[in-house]
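Chemist: First the structure, then my questions, so here it is.
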Amino acid sequence: MFLDIRNLKINYGKLEVVRGVDLDIEKGECLGLIGESGCGKTTVGLSITKLIPERKGNISSGEILFEDTDILKLNPEELRNIRGRKISYVFQEPFSSLNPVFTIYDQIKEALEDKENSDSQIAQILKSVGLEKIINRKNLYPHELSGGMQQRAMIGMAIVSKPGLVVLDEPTTALDVTVQRQILDLIVELKNKMNLSILFISHDLRIVFNIADKIAIMYAGKIIECGPKEKIVSGPGHPYTMGLIDSMPSFEHRKKNFNAIGGKAPLFLELPCGCKFYPRCKFRIDKCAEKEPDLEKVSDGHFSRCIRTISAELRFATPIKWNC
Amino acid sequence: MELLKIDNLHKTFRKNKAHAVRGASFSIFKGEVLGLVGESGCGKSTLAKLILRLIPADKGSIFYKDRDLLKSDHNDMRKMRKDLQIIFQDPYASLDPRMKIGDVIEEVYDIHKNAHGCDRRNKAIELLETVGLGESYLSRLPSELSGGERQRVGIARALATEPEFIICDEPVSSLDISIQAQILNLLIDIQKRKNLTYLFISHDLGVIASICDRVIVMRSGEFVETGLCENVFRNPQHDYTKELLRSAYV
């Protein structure tokens with residue numbers, strides 16, 4: 001296993017926002033982590049290199065095994081060797097991640113470990129992310145680039161040190177559709193060329209379904225379903241996943257009402273007891289409110305945190321009608 | 001019936017340097033949902049603002065039921081705006097953070113004088129219920145609401161004047177996918193119930209495909225393709241439309 005997260009729990013103050021997450025990524029694999037805003041997906045991404053400031057949150061238990069070493073046990077010196085070198089990040093807003101007072105050239109150079117022949121190294125990186133146009137323009141500042149080009153530069157910086165794992169946190173959310181597609185194509189190309197492992201965090205199922213090999217769906221701080229992409233697309237096990245898939249706007253949905261999930265995501269302050277999705281679930285039964293279900297096996301590699309998926313009742317159940 | 005007829009509308013910014021809308025001509029028929037799709041910066045929102053005369057147009061005409069909006073004076077426009085409403089993209093920016101939700105909606109009645117006294121409060125409650133919120137929201141502030149709830153308030157405010165035509169300017173792009181589906185359901189539901197006409201602006205082809213009757217594809221201020229949604233999505237003619245469809249996961 002390349003990256004193995006086991007029973008990760010993270011607190012922000014007294015609130016537990018990641019309540020026991022298990023994830024694993026193999027070498028060269030892309031895991032898509034899906035969830036609504038505020039479900040804890042970004043927190044999980046940041047915790048992989050302990051990027052959550054200690055005054056804000058602390059990791060109360062769990063293990064993060066990266067190439068068989070537990071990242072949570074490393075000292076700051078050792079962490080520095082991993083951050084940006086072996087595990088790198090690309091965030092949502094390219095403009096706020098780039099430093100506006102330094103040139104793109106300088107910022108990529110800063111990421112280089114070996115500063116000799118930096119010109120040719122930078123040229124190579126810019127070429128690999130499709131920025132051939134700006135190779136000879138050393139005095140170019142971030143604001144002179146479009147959003148898509150900025151994001152390409154960010155990806156360039158992330159792959160400078162040939163990392164094993166790249167965490168992409170909503171990398172295309174701020175971009176237009178056509179640009180979005182180009183960036184995704186670039187990510188897939190780099191992944192194949194460099195045998196990258198990717199943790200792709202997004203709230204957009206359409207994107208994740210297209211680029212991920214494996215999918216994990218997060219709700220209220222826990223993984224509620226995970227498995228290979230094909231299995232989740234064709235036969236989602238958890239009612240929340242079904243709801244998300246039904247909420248995707250598409251041509252097939254034309255002029256029909258969306259089978260939307262009612263209500264809104266719960267606050268961590270007032271989580272319901274039992275299954276956390278219980279108040280919004282269309283397939284709920286009284287038993288669901290008693291105890292939070294475990295992640296149980298549906299089929300090979302496919303797990304779901306729902307008592308009714310396991311008993312295969314869902315297929316025959318009639319949903320509750322929502323007024324929304 | 002033709003509700004709005006727009007003819008050869010032009011708008012430039014920065015002393016004629018940036019041509020944001022270049023000769024837009026189209027009609028919107030009563031009871032239809034017309035989609036307007038394009039990348040950011042192509043002039044979609046500018047066109048929306050031009051139609052409502054929130055910004056002045058350079059050239060062209062906008063006929064609303066045989067009256068030229070561009071030639072109407074201030075008082076006429078004020079009356080017209082009862083029929084023409086808009087729902088904005090960012091529910092965080094379009095509500096005054098210091099106004100209670102009840103006041104946000106009742107302010108509309110102050111301006112248009114279409115409800116008085118305690119009738120206003122009752123109407124506001126009724127509207128909030130139409131959009132899936134309740135009386136308890138009257139005294140809340142926007143900061144206490146989630147994005148989806150704020151957008152519902154935005155919809156309630158637009159409905160307060162009982163308009164015939166609503167411009168929805170990317171009403172769901174800043175929302176989570178599950179909330180997005182709820183809001184789209186609500187918009188379609190209201191449209192059918194009240195026989196409203198929408199100009200629905202979005203950059204998301206999936207959203208456009210799922211709710212619109214006709215669609216206009218816009219690029220750098222020009223219309224590159226228009227037609228029934230089925231035809232445009234199944235059989236795109238213009239290269240740009242094809243590229244958009246290839247890029248999107250519809």
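A note on labels: chains of the structure tokens are A, B, ... as shown, every chain counts residues from 1, and ligands are counted from 1 in their shown order.
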Please check the contacts: residues of chain B at most 9 Å away from chain A, using only C-alpha atoms, listed as number ranges by chain.

Modeler: B: 39-40, 131-132, 146, 148, 176-186, 188-189, 203-213, 230, 233, 243-250

Chemist: Put those residues in a file: N, CA and C atoms, as a short mmCIF file (atom, residue, chain, number, x, y, z; two decimals), in the first residue's frame.

Modeler:
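This is the output file out_25.cif:
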```
data_model
loop_
_atom_site.label_atom_id
_atom_site.label_comp_id
_atom_site.auth_asym_id
_atom_site.auth_seq_id
_atom_site.Cartn_x
_atom_site.Cartn_y
_atom_site.Cartn_z
N GLU B 39 -18.80 30.75 -21.70
CA GLU B 39 -17.75 30.82 -20.69
C GLU B 39 -17.83 32.13 -19.92
N SER B 40 -17.08 32.22 -18.84
CA SER B 40 -17.11 33.48 -18.10
C SER B 40 -16.44 34.57 -18.94
N VAL B 131 -41.12 29.09 -1.14
CA VAL B 131 -39.75 28.68 -1.46
C VAL B 131 -39.18 27.69 -0.46
N GLY B 132 -40.05 27.14 0.38
CA GLY B 132 -39.61 26.06 1.26
C GLY B 132 -39.01 26.53 2.58
N SER B 146 -27.71 29.19 5.36
CA SER B 146 -26.76 28.51 4.48
C SER B 146 -26.93 29.04 3.05
N GLY B 148 -27.87 27.64 0.30
CA GLY B 148 -29.12 27.21 -0.33
C GLY B 148 -30.30 28.02 0.19
N ASP B 176 -23.72 23.52 -3.52
CA ASP B 176 -23.38 22.09 -3.55
C ASP B 176 -24.36 21.33 -4.42
N ILE B 177 -23.91 20.18 -4.91
CA ILE B 177 -24.74 19.49 -5.90
C ILE B 177 -26.10 19.07 -5.36
N SER B 178 -26.18 18.65 -4.10
CA SER B 178 -27.49 18.21 -3.60
C SER B 178 -28.41 19.42 -3.42
N ILE B 179 -27.84 20.55 -2.98
CA ILE B 179 -28.63 21.77 -2.80
C ILE B 179 -29.02 22.32 -4.17
N GLN B 180 -28.09 22.21 -5.12
CA GLN B 180 -28.35 22.67 -6.48
C GLN B 180 -29.59 21.98 -7.05
N ALA B 181 -29.69 20.68 -6.83
CA ALA B 181 -30.86 19.95 -7.34
C ALA B 181 -32.14 20.44 -6.68
N GLN B 182 -32.07 20.73 -5.37
CA GLN B 182 -33.26 21.24 -4.68
C GLN B 182 -33.71 22.58 -5.27
N ILE B 183 -32.73 23.47 -5.49
CA ILE B 183 -33.08 24.80 -5.99
C ILE B 183 -33.61 24.71 -7.43
N LEU B 184 -33.01 23.85 -8.24
CA LEU B 184 -33.52 23.69 -9.61
C LEU B 184 -34.95 23.16 -9.59
N ASN B 185 -35.20 22.19 -8.73
CA ASN B 185 -36.57 21.67 -8.59
C ASN B 185 -37.54 22.80 -8.25
N LEU B 186 -37.11 23.62 -7.29
CA LEU B 186 -37.96 24.72 -6.84
C LEU B 186 -38.24 25.70 -7.98
N ILE B 188 -38.12 25.22 -11.22
CA ILE B 188 -38.98 24.64 -12.26
C ILE B 188 -40.42 24.54 -11.78
N ASP B 189 -40.55 24.16 -10.51
CA ASP B 189 -41.86 24.03 -9.92
C ASP B 189 -42.63 25.36 -9.97
N HIS B 203 -23.11 28.53 -16.88
CA HIS B 203 -22.00 28.02 -17.68
C HIS B 203 -21.99 26.51 -17.64
N ASP B 204 -22.94 25.92 -16.91
CA ASP B 204 -22.98 24.48 -16.75
C ASP B 204 -23.97 23.89 -17.76
N LEU B 205 -23.43 23.19 -18.75
CA LEU B 205 -24.30 22.64 -19.79
C LEU B 205 -25.28 21.62 -19.23
N GLY B 206 -24.88 20.91 -18.19
CA GLY B 206 -25.77 19.93 -17.59
C GLY B 206 -27.02 20.60 -17.05
N VAL B 207 -26.83 21.71 -16.36
CA VAL B 207 -27.98 22.43 -15.79
C VAL B 207 -28.88 22.93 -16.91
N ILE B 208 -28.29 23.54 -17.94
CA ILE B 208 -29.06 24.04 -19.07
C ILE B 208 -29.83 22.89 -19.73
N ALA B 209 -29.14 21.78 -19.95
CA ALA B 209 -29.78 20.65 -20.64
C ALA B 209 -30.95 20.13 -19.85
N SER B 210 -30.85 20.18 -18.52
CA SER B 210 -31.92 19.54 -17.77
C SER B 210 -33.15 20.41 -17.60
N ILE B 211 -33.04 21.73 -17.77
CA ILE B 211 -34.26 22.51 -17.51
C ILE B 211 -34.73 23.41 -18.65
N CYS B 212 -33.92 23.66 -19.68
CA CYS B 212 -34.31 24.67 -20.66
C CYS B 212 -35.07 24.10 -21.86
N ASP B 213 -35.89 24.96 -22.47
CA ASP B 213 -36.58 24.58 -23.70
C ASP B 213 -35.71 24.91 -24.90
N GLU B 230 -32.90 20.13 -27.54
CA GLU B 230 -32.67 18.79 -28.10
C GLU B 230 -31.73 18.88 -29.29
N PHE B 233 -28.06 20.14 -28.37
CA PHE B 233 -27.25 19.19 -27.63
C PHE B 233 -27.02 17.89 -28.39
N GLU B 243 -17.16 22.05 -29.04
CA GLU B 243 -16.07 22.02 -28.06
C GLU B 243 -16.62 22.05 -26.64
N LEU B 244 -17.64 22.91 -26.42
CA LEU B 244 -18.25 22.98 -25.10
C LEU B 244 -18.82 21.63 -24.69
N LEU B 245 -19.51 20.99 -25.63
CA LEU B 245 -20.15 19.72 -25.31
C LEU B 245 -19.11 18.64 -25.06
N ARG B 246 -18.01 18.72 -25.80
CA ARG B 246 -16.94 17.74 -25.58
C ARG B 246 -16.33 17.92 -24.19
N SER B 247 -16.21 19.19 -23.78
CA SER B 247 -15.56 19.46 -22.49
C SER B 247 -16.43 19.11 -21.31
N ALA B 248 -17.72 19.29 -21.48
CA ALA B 248 -18.60 19.08 -20.32
C ALA B 248 -18.97 17.62 -20.23
N TYR B 249 -19.24 17.20 -19.02
CA TYR B 249 -19.73 15.84 -18.84
C TYR B 249 -21.23 15.93 -18.73
N VAL B 250 -21.91 15.93 -19.85
CA VAL B 250 -23.37 16.07 -19.79
C VAL B 250 -24.01 14.68 -19.76
#
```

Chemist: Can you pull out every residue from stretch 52-141 of chain A that DSSP, working from the backbone, puts in strand (DSSP E), and format the result as an MDAnalysis selection string?

Modeler: chainID A and resid 57:66 69:70 87:90

Chemist: Any chance you could export the current selection's C-alpha atoms as a compact mmCIF listing (two decimals), in the first residue's frame?

Modeler:
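What follows is the written file out-v9.txt:
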```
# COMPACT_ATOMS: atom_id res chain seq x y z
CA GLY A 57 -7.02 21.38 15.14
CA ASN A 58 -5.34 18.28 16.34
CA ILE A 59 -5.21 14.75 15.11
CA SER A 60 -6.44 12.79 18.07
CA SER A 61 -5.92 9.28 16.78
CA GLY A 62 -5.12 7.23 13.73
CA GLU A 63 -2.24 6.39 11.45
CA ILE A 64 -1.20 7.80 8.11
CA LEU A 65 1.19 5.31 6.55
CA PHE A 66 3.05 6.69 3.54
CA THR A 69 6.23 5.22 7.62
CA ASP A 70 3.68 6.82 9.91
CA ILE A 87 3.61 14.61 -1.31
CA SER A 88 2.54 17.84 -2.97
CA TYR A 89 -0.64 19.85 -3.20
CA VAL A 90 -2.70 21.78 -5.73
```

Chemist: Could you please write out, as a JSON list (two decimals) with C-alpha atoms, in the first residue's frame, every residue of stretch 16-211 of chain B that DSSP assigns to alpha helix (DSSP H)?

Modeler:
```
[["chain", "number", "residue", "atom", "x", "y", "z"],
["B", 44, "LYS", "CA", -23.91, 36.67, -20.46],
["B", 45, "SER", "CA", -24.41, 38.77, -17.36],
["B", 46, "THR", "CA", -23.93, 42.01, -19.26],
["B", 47, "LEU", "CA", -26.78, 40.98, -21.53],
["B", 48, "ALA", "CA", -28.95, 40.24, -18.50],
["B", 49, "LYS", "CA", -28.24, 43.65, -17.01],
["B", 50, "LEU", "CA", -28.92, 45.35, -20.33],
["B", 51, "ILE", "CA", -32.33, 43.73, -20.60],
["B", 74, "HIS", "CA", -37.68, 56.45, -15.24],
["B", 75, "ASN", "CA", -41.25, 56.22, -14.01],
["B", 76, "ASP", "CA", -42.27, 53.78, -16.70],
["B", 77, "MET", "CA", -39.23, 51.64, -16.00],
["B", 78, "ARG", "CA", -40.13, 51.51, -12.34],
["B", 79, "LYS", "CA", -43.53, 50.08, -13.22],
["B", 80, "MET", "CA", -42.01, 47.69, -15.72],
["B", 101, "ILE", "CA", -35.06, 38.28, 5.89],
["B", 102, "GLY", "CA", -38.55, 39.65, 6.54],
["B", 103, "ASP", "CA", -37.34, 43.18, 5.79],
["B", 104, "VAL", "CA", -35.55, 42.06, 2.64],
["B", 105, "ILE", "CA", -38.85, 40.88, 1.23],
["B", 106, "GLU", "CA", -41.01, 43.67, 2.62],
["B", 107, "GLU", "CA", -38.69, 46.25, 1.13],
["B", 108, "VAL", "CA", -39.98, 45.15, -2.25],
["B", 109, "TYR", "CA", -43.49, 46.13, -1.18],
["B", 110, "ASP", "CA", -42.20, 49.53, -0.03],
["B", 111, "ILE", "CA", -40.77, 50.16, -3.45],
["B", 112, "HIS", "CA", -43.55, 48.82, -5.61],
["B", 118, "CYS", "CA", -50.13, 43.71, 7.91],
["B", 119, "ASP", "CA", -50.88, 42.34, 4.50],
["B", 120, "ARG", "CA", -47.18, 42.73, 3.77],
["B", 121, "ARG", "CA", -46.12, 40.43, 6.57],
["B", 122, "ASN", "CA", -48.66, 37.80, 5.56],
["B", 123, "LYS", "CA", -47.53, 37.98, 1.97],
["B", 124, "ALA", "CA", -43.90, 37.67, 3.02],
["B", 125, "ILE", "CA", -44.72, 34.57, 5.06],
["B", 126, "GLU", "CA", -46.61, 33.11, 2.14],
["B", 127, "LEU", "CA", -43.64, 33.72, -0.14],
["B", 128, "LEU", "CA", -41.20, 32.17, 2.29],
["B", 129, "GLU", "CA", -43.42, 29.12, 2.42],
["B", 130, "THR", "CA", -43.53, 28.95, -1.39],
["B", 147, "GLY", "CA", -26.08, 29.18, 0.79],
["B", 148, "GLY", "CA", -29.12, 27.21, -0.33],
["B", 149, "GLU", "CA", -31.41, 29.02, 2.09],
["B", 150, "ARG", "CA", -30.08, 32.41, 0.99],
["B", 151, "GLN", "CA", -30.74, 31.55, -2.61],
["B", 152, "ARG", "CA", -34.30, 30.63, -1.63],
["B", 153, "VAL", "CA", -34.65, 34.09, -0.09],
["B", 154, "GLY", "CA", -33.35, 35.55, -3.36],
["B", 155, "ILE", "CA", -36.05, 33.66, -5.22],
["B", 156, "ALA", "CA", -38.74, 34.79, -2.76],
["B", 157, "ARG", "CA", -37.65, 38.40, -3.22],
["B", 158, "ALA", "CA", -37.86, 38.09, -6.99],
["B", 159, "LEU", "CA", -41.35, 36.60, -6.71],
["B", 177, "ILE", "CA", -24.74, 19.49, -5.90],
["B", 178, "SER", "CA", -27.49, 18.21, -3.60],
["B", 179, "ILE", "CA", -28.63, 21.77, -2.80],
["B", 180, "GLN", "CA", -28.35, 22.67, -6.48],
["B", 181, "ALA", "CA", -30.86, 19.95, -7.34],
["B", 182, "GLN", "CA", -33.26, 21.24, -4.68],
["B", 183, "ILE", "CA", -33.08, 24.80, -5.99],
["B", 184, "LEU", "CA", -33.52, 23.69, -9.61],
["B", 185, "ASN", "CA", -36.57, 21.67, -8.59],
["B", 186, "LEU", "CA", -37.96, 24.72, -6.84],
["B", 187, "LEU", "CA", -37.35, 27.03, -9.80],
["B", 188, "ILE", "CA", -38.98, 24.64, -12.26],
["B", 189, "ASP", "CA", -41.86, 24.03, -9.92],
["B", 190, "ILE", "CA", -42.58, 27.75, -9.55],
["B", 191, "GLN", "CA", -42.16, 28.30, -13.27],
["B", 192, "LYS", "CA", -44.78, 25.69, -14.10],
["B", 193, "ARG", "CA", -47.18, 26.74, -11.37],
["B", 194, "LYS", "CA", -47.14, 30.45, -12.22],
["B", 205, "LEU", "CA", -24.30, 22.64, -19.79],
["B", 206, "GLY", "CA", -25.77, 19.93, -17.59],
["B", 207, "VAL", "CA", -27.98, 22.43, -15.79],
["B", 208, "ILE", "CA", -29.06, 24.04, -19.07],
["B", 209, "ALA", "CA", -29.78, 20.65, -20.64],
["B", 210, "SER", "CA", -31.92, 19.54, -17.77],
["B", 211, "ILE", "CA", -34.26, 22.51, -17.51]]
```

Chemist: Atom CA of B:Gly227 and atom CA of B:His10 are how many Å apart?

Modeler: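 Spanning atom CA of B:Gly227 to atom CA of B:His10 is a straight-line distance of 21.6 Å.
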
Chemist: Neighbouring residues of stretch 165-175 of chain B were defined as those with any atom within 6 Å, considering only C-alpha atoms; residues of the same chain fewer than 6 positions away were excluded. Please report them as number ranges by chain.

Modeler: B: 84-89, 196-202

Chemist: Can I get the selected residues back with N, CA and C atoms, as an mmCIF file, in the first residue's frame?

Modeler:
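Wrote part-v6.cif, looks like this:
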```cif
data_model
loop_
_atom_site.group_PDB
_atom_site.id
_atom_site.type_symbol
_atom_site.label_atom_id
_atom_site.label_comp_id
_atom_site.auth_asym_id
_atom_site.auth_seq_id
_atom_site.Cartn_x
_atom_site.Cartn_y
_atom_site.Cartn_z
ATOM 1 N N LEU B 84 -40.394 42.426 -14.488
ATOM 2 C CA LEU B 84 -39.101 41.876 -14.866
ATOM 3 C C LEU B 84 -38.222 41.775 -13.632
ATOM 4 N N GLN B 85 -37.887 40.581 -13.237
ATOM 5 C CA GLN B 85 -37.090 40.421 -12.021
ATOM 6 C C GLN B 85 -35.824 39.619 -12.293
ATOM 7 N N ILE B 86 -34.945 39.600 -11.314
ATOM 8 C CA ILE B 86 -33.685 38.885 -11.502
ATOM 9 C C ILE B 86 -33.287 38.168 -10.218
ATOM 10 N N ILE B 87 -32.703 36.983 -10.377
ATOM 11 C CA ILE B 87 -32.131 36.244 -9.251
ATOM 12 C C ILE B 87 -30.636 36.184 -9.505
ATOM 13 N N PHE B 88 -29.860 36.642 -8.522
ATOM 14 C CA PHE B 88 -28.419 36.756 -8.757
ATOM 15 C C PHE B 88 -27.672 35.479 -8.399
ATOM 16 N N GLN B 89 -26.421 35.468 -8.872
ATOM 17 C CA GLN B 89 -25.595 34.288 -8.699
ATOM 18 C C GLN B 89 -25.183 34.040 -7.253
ATOM 19 N N LEU B 196 -44.372 31.188 -15.526
ATOM 20 C CA LEU B 196 -43.376 32.239 -15.652
ATOM 21 C C LEU B 196 -42.500 31.998 -16.879
ATOM 22 N N THR B 197 -41.779 33.029 -17.251
ATOM 23 C CA THR B 197 -40.802 32.922 -18.319
ATOM 24 C C THR B 197 -39.424 33.169 -17.726
ATOM 25 N N TYR B 198 -38.484 32.295 -18.009
ATOM 26 C CA TYR B 198 -37.134 32.464 -17.473
ATOM 27 C C TYR B 198 -36.128 32.712 -18.583
ATOM 28 N N LEU B 199 -35.184 33.595 -18.306
ATOM 29 C CA LEU B 199 -33.935 33.577 -19.064
ATOM 30 C C LEU B 199 -32.920 33.000 -18.101
ATOM 31 N N PHE B 200 -32.459 31.789 -18.389
ATOM 32 C CA PHE B 200 -31.643 31.065 -17.433
ATOM 33 C C PHE B 200 -30.192 31.070 -17.884
ATOM 34 N N ILE B 201 -29.357 31.804 -17.134
ATOM 35 C CA ILE B 201 -27.953 31.935 -17.508
ATOM 36 C C ILE B 201 -27.117 30.948 -16.715
ATOM 37 N N SER B 202 -26.238 30.226 -17.398
ATOM 38 C CA SER B 202 -25.394 29.287 -16.685
ATOM 39 C C SER B 202 -24.180 28.959 -17.531
#
```

Chemist: Find the residues near stretch 120-128 of chain A: any atom within 9 Å, counting only C-alpha atoms, skip ones fewer than 4 places away on the same chain, and give them as JSON, numbers by chain.

Modeler: {"A": [105, 108, 109, 112, 115, 116, 132, 133, 134, 135, 136, 152, 153, 156, 157, 159, 160, 186, 190]}

Chemist: Which residues are close to B:Arg214, i.e. within 7 Å by only C-alpha atoms, leaving aside same-chain residues fewer than 4 positions away? Reply as a PyMOL selection string.

Modeler: chain B and resi 33-35+227-229

Chemist: For A:Ser299, work out the shell of residues within 12 Å, counting only C-alpha atoms and skipping chain neighbours fewer than 2 positions away, then give it as a PyMOL selection string.

Modeler: chain A and resi 225-228+231-232+235-237+296-297+301-304+309-310+312

Chemist: I need the residues from that last selection saved to file as a PDB file, in the first residue's frame (with C-alpha atoms), if you can.

Modeler:
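Result went into again_6.pdb, see below:
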```pdb
ATOM      1  CA  GLU A 225     -19.285   4.429   0.819  1.00  0.00           C
ATOM      2  CA  CYS A 226     -16.150   3.459  -1.043  1.00  0.00           C
ATOM      3  CA  GLY A 227     -15.206   1.173  -3.858  1.00  0.00           C
ATOM      4  CA  PRO A 228     -14.087   0.960  -7.480  1.00  0.00           C
ATOM      5  CA  LYS A 231     -19.312  -0.391  -9.003  1.00  0.00           C
ATOM      6  CA  ILE A 232     -20.324   2.905  -7.462  1.00  0.00           C
ATOM      7  CA  GLY A 235     -24.781   0.226  -8.330  1.00  0.00           C
ATOM      8  CA  PRO A 236     -24.443   2.779  -5.537  1.00  0.00           C
ATOM      9  CA  GLY A 237     -24.965   1.153  -2.161  1.00  0.00           C
ATOM     10  CA  GLU A 296     -19.688  -3.210   5.632  1.00  0.00           C
ATOM     11  CA  LYS A 297     -18.810  -5.125   2.537  1.00  0.00           C
ATOM     12  CA  GLY A 301     -13.774  -3.870  -2.638  1.00  0.00           C
ATOM     13  CA  HIS A 302     -17.143  -2.105  -2.341  1.00  0.00           C
ATOM     14  CA  PHE A 303     -18.212  -1.007   1.133  1.00  0.00           C
ATOM     15  CA  SER A 304     -21.242   0.888   2.413  1.00  0.00           C
ATOM     16  CA  THR A 309     -27.731  -1.825   1.711  1.00  0.00           C
ATOM     17  CA  ILE A 310     -26.282  -4.884   3.328  1.00  0.00           C
ATOM     18  CA  ALA A 312     -30.299  -5.817   0.027  1.00  0.00           C
TER      19      ALA A 312
END
```

Chemist: Choose the residue, out of B:Met99, B:Val215, B:Ala115, B:Leu133, that has the smallest atom-to-atom separation from B:Glu32; count only C-alpha atoms.

Modeler: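 Comparing B:Met99, B:Val215, B:Ala115, B:Leu133 against B:Glu32, the winner is B:Val215.
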
Chemist: Suppose you want the space between atom CA of A:Pro53 and atom CA of A:Gln107; what is it in Å?

Modeler: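 Atom-to-atom, atom CA of A:Pro53 to atom CA of A:Gln107, that is 23.5 Å.
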
Chemist: Quick one: residues within 10 Å of A:Val101, only C-alpha atoms, excluding same-chain residues fewer than 5 positions away - as a ChimeraX atom specification?

Modeler: /A:107,141-143

Chemist: Suppose we keep N, CA and C atoms; can you now write the selection as an mmCIF file, in the first residue's frame?

Modeler:
```cif
data_model
loop_
_atom_site.group_PDB
_atom_site.id
_atom_site.type_symbol
_atom_site.label_atom_id
_atom_site.label_comp_id
_atom_site.auth_asym_id
_atom_site.auth_seq_id
_atom_site.Cartn_x
_atom_site.Cartn_y
_atom_site.Cartn_z
ATOM 1 N N GLN A 107 8.985 31.453 -8.705
ATOM 2 C CA GLN A 107 8.232 30.564 -7.815
ATOM 3 C C GLN A 107 8.465 29.107 -8.157
ATOM 4 N N TYR A 141 4.383 37.823 -14.110
ATOM 5 C CA TYR A 141 3.780 37.702 -12.776
ATOM 6 C C TYR A 141 2.458 36.946 -12.852
ATOM 7 N N PRO A 142 2.015 36.372 -11.725
ATOM 8 C CA PRO A 142 0.781 35.581 -11.747
ATOM 9 C C PRO A 142 -0.421 36.316 -12.343
ATOM 10 N N HIS A 143 -0.555 37.618 -12.065
ATOM 11 C CA HIS A 143 -1.769 38.291 -12.536
ATOM 12 C C HIS A 143 -1.798 38.436 -14.057
#
```

Chemist: Counting only C-alpha atoms, which residue out of A:Asp106, A:Asp114, A:Glu230, A:Asp300 sits closest to A:Asp213?

Modeler: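 Looking at the shortest contact to A:Asp213, the residue is A:Glu230.
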
Chemist: What gap, in Å, lies between atom CA of A:Phe102 and atom CA of A:Leu46?

Modeler: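 Separation between atom CA of A:Phe102 and atom CA of A:Leu46: 24.8 Å.
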
Chemist: Restricting the calculation to only C-alpha atoms, which member of A:Asp119, A:Glu93, A:Asp22, A:Glu77 is positioned closest to A:Ile5?

Modeler: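 Closest residue, counting only C-alpha atoms: A:Asp22.
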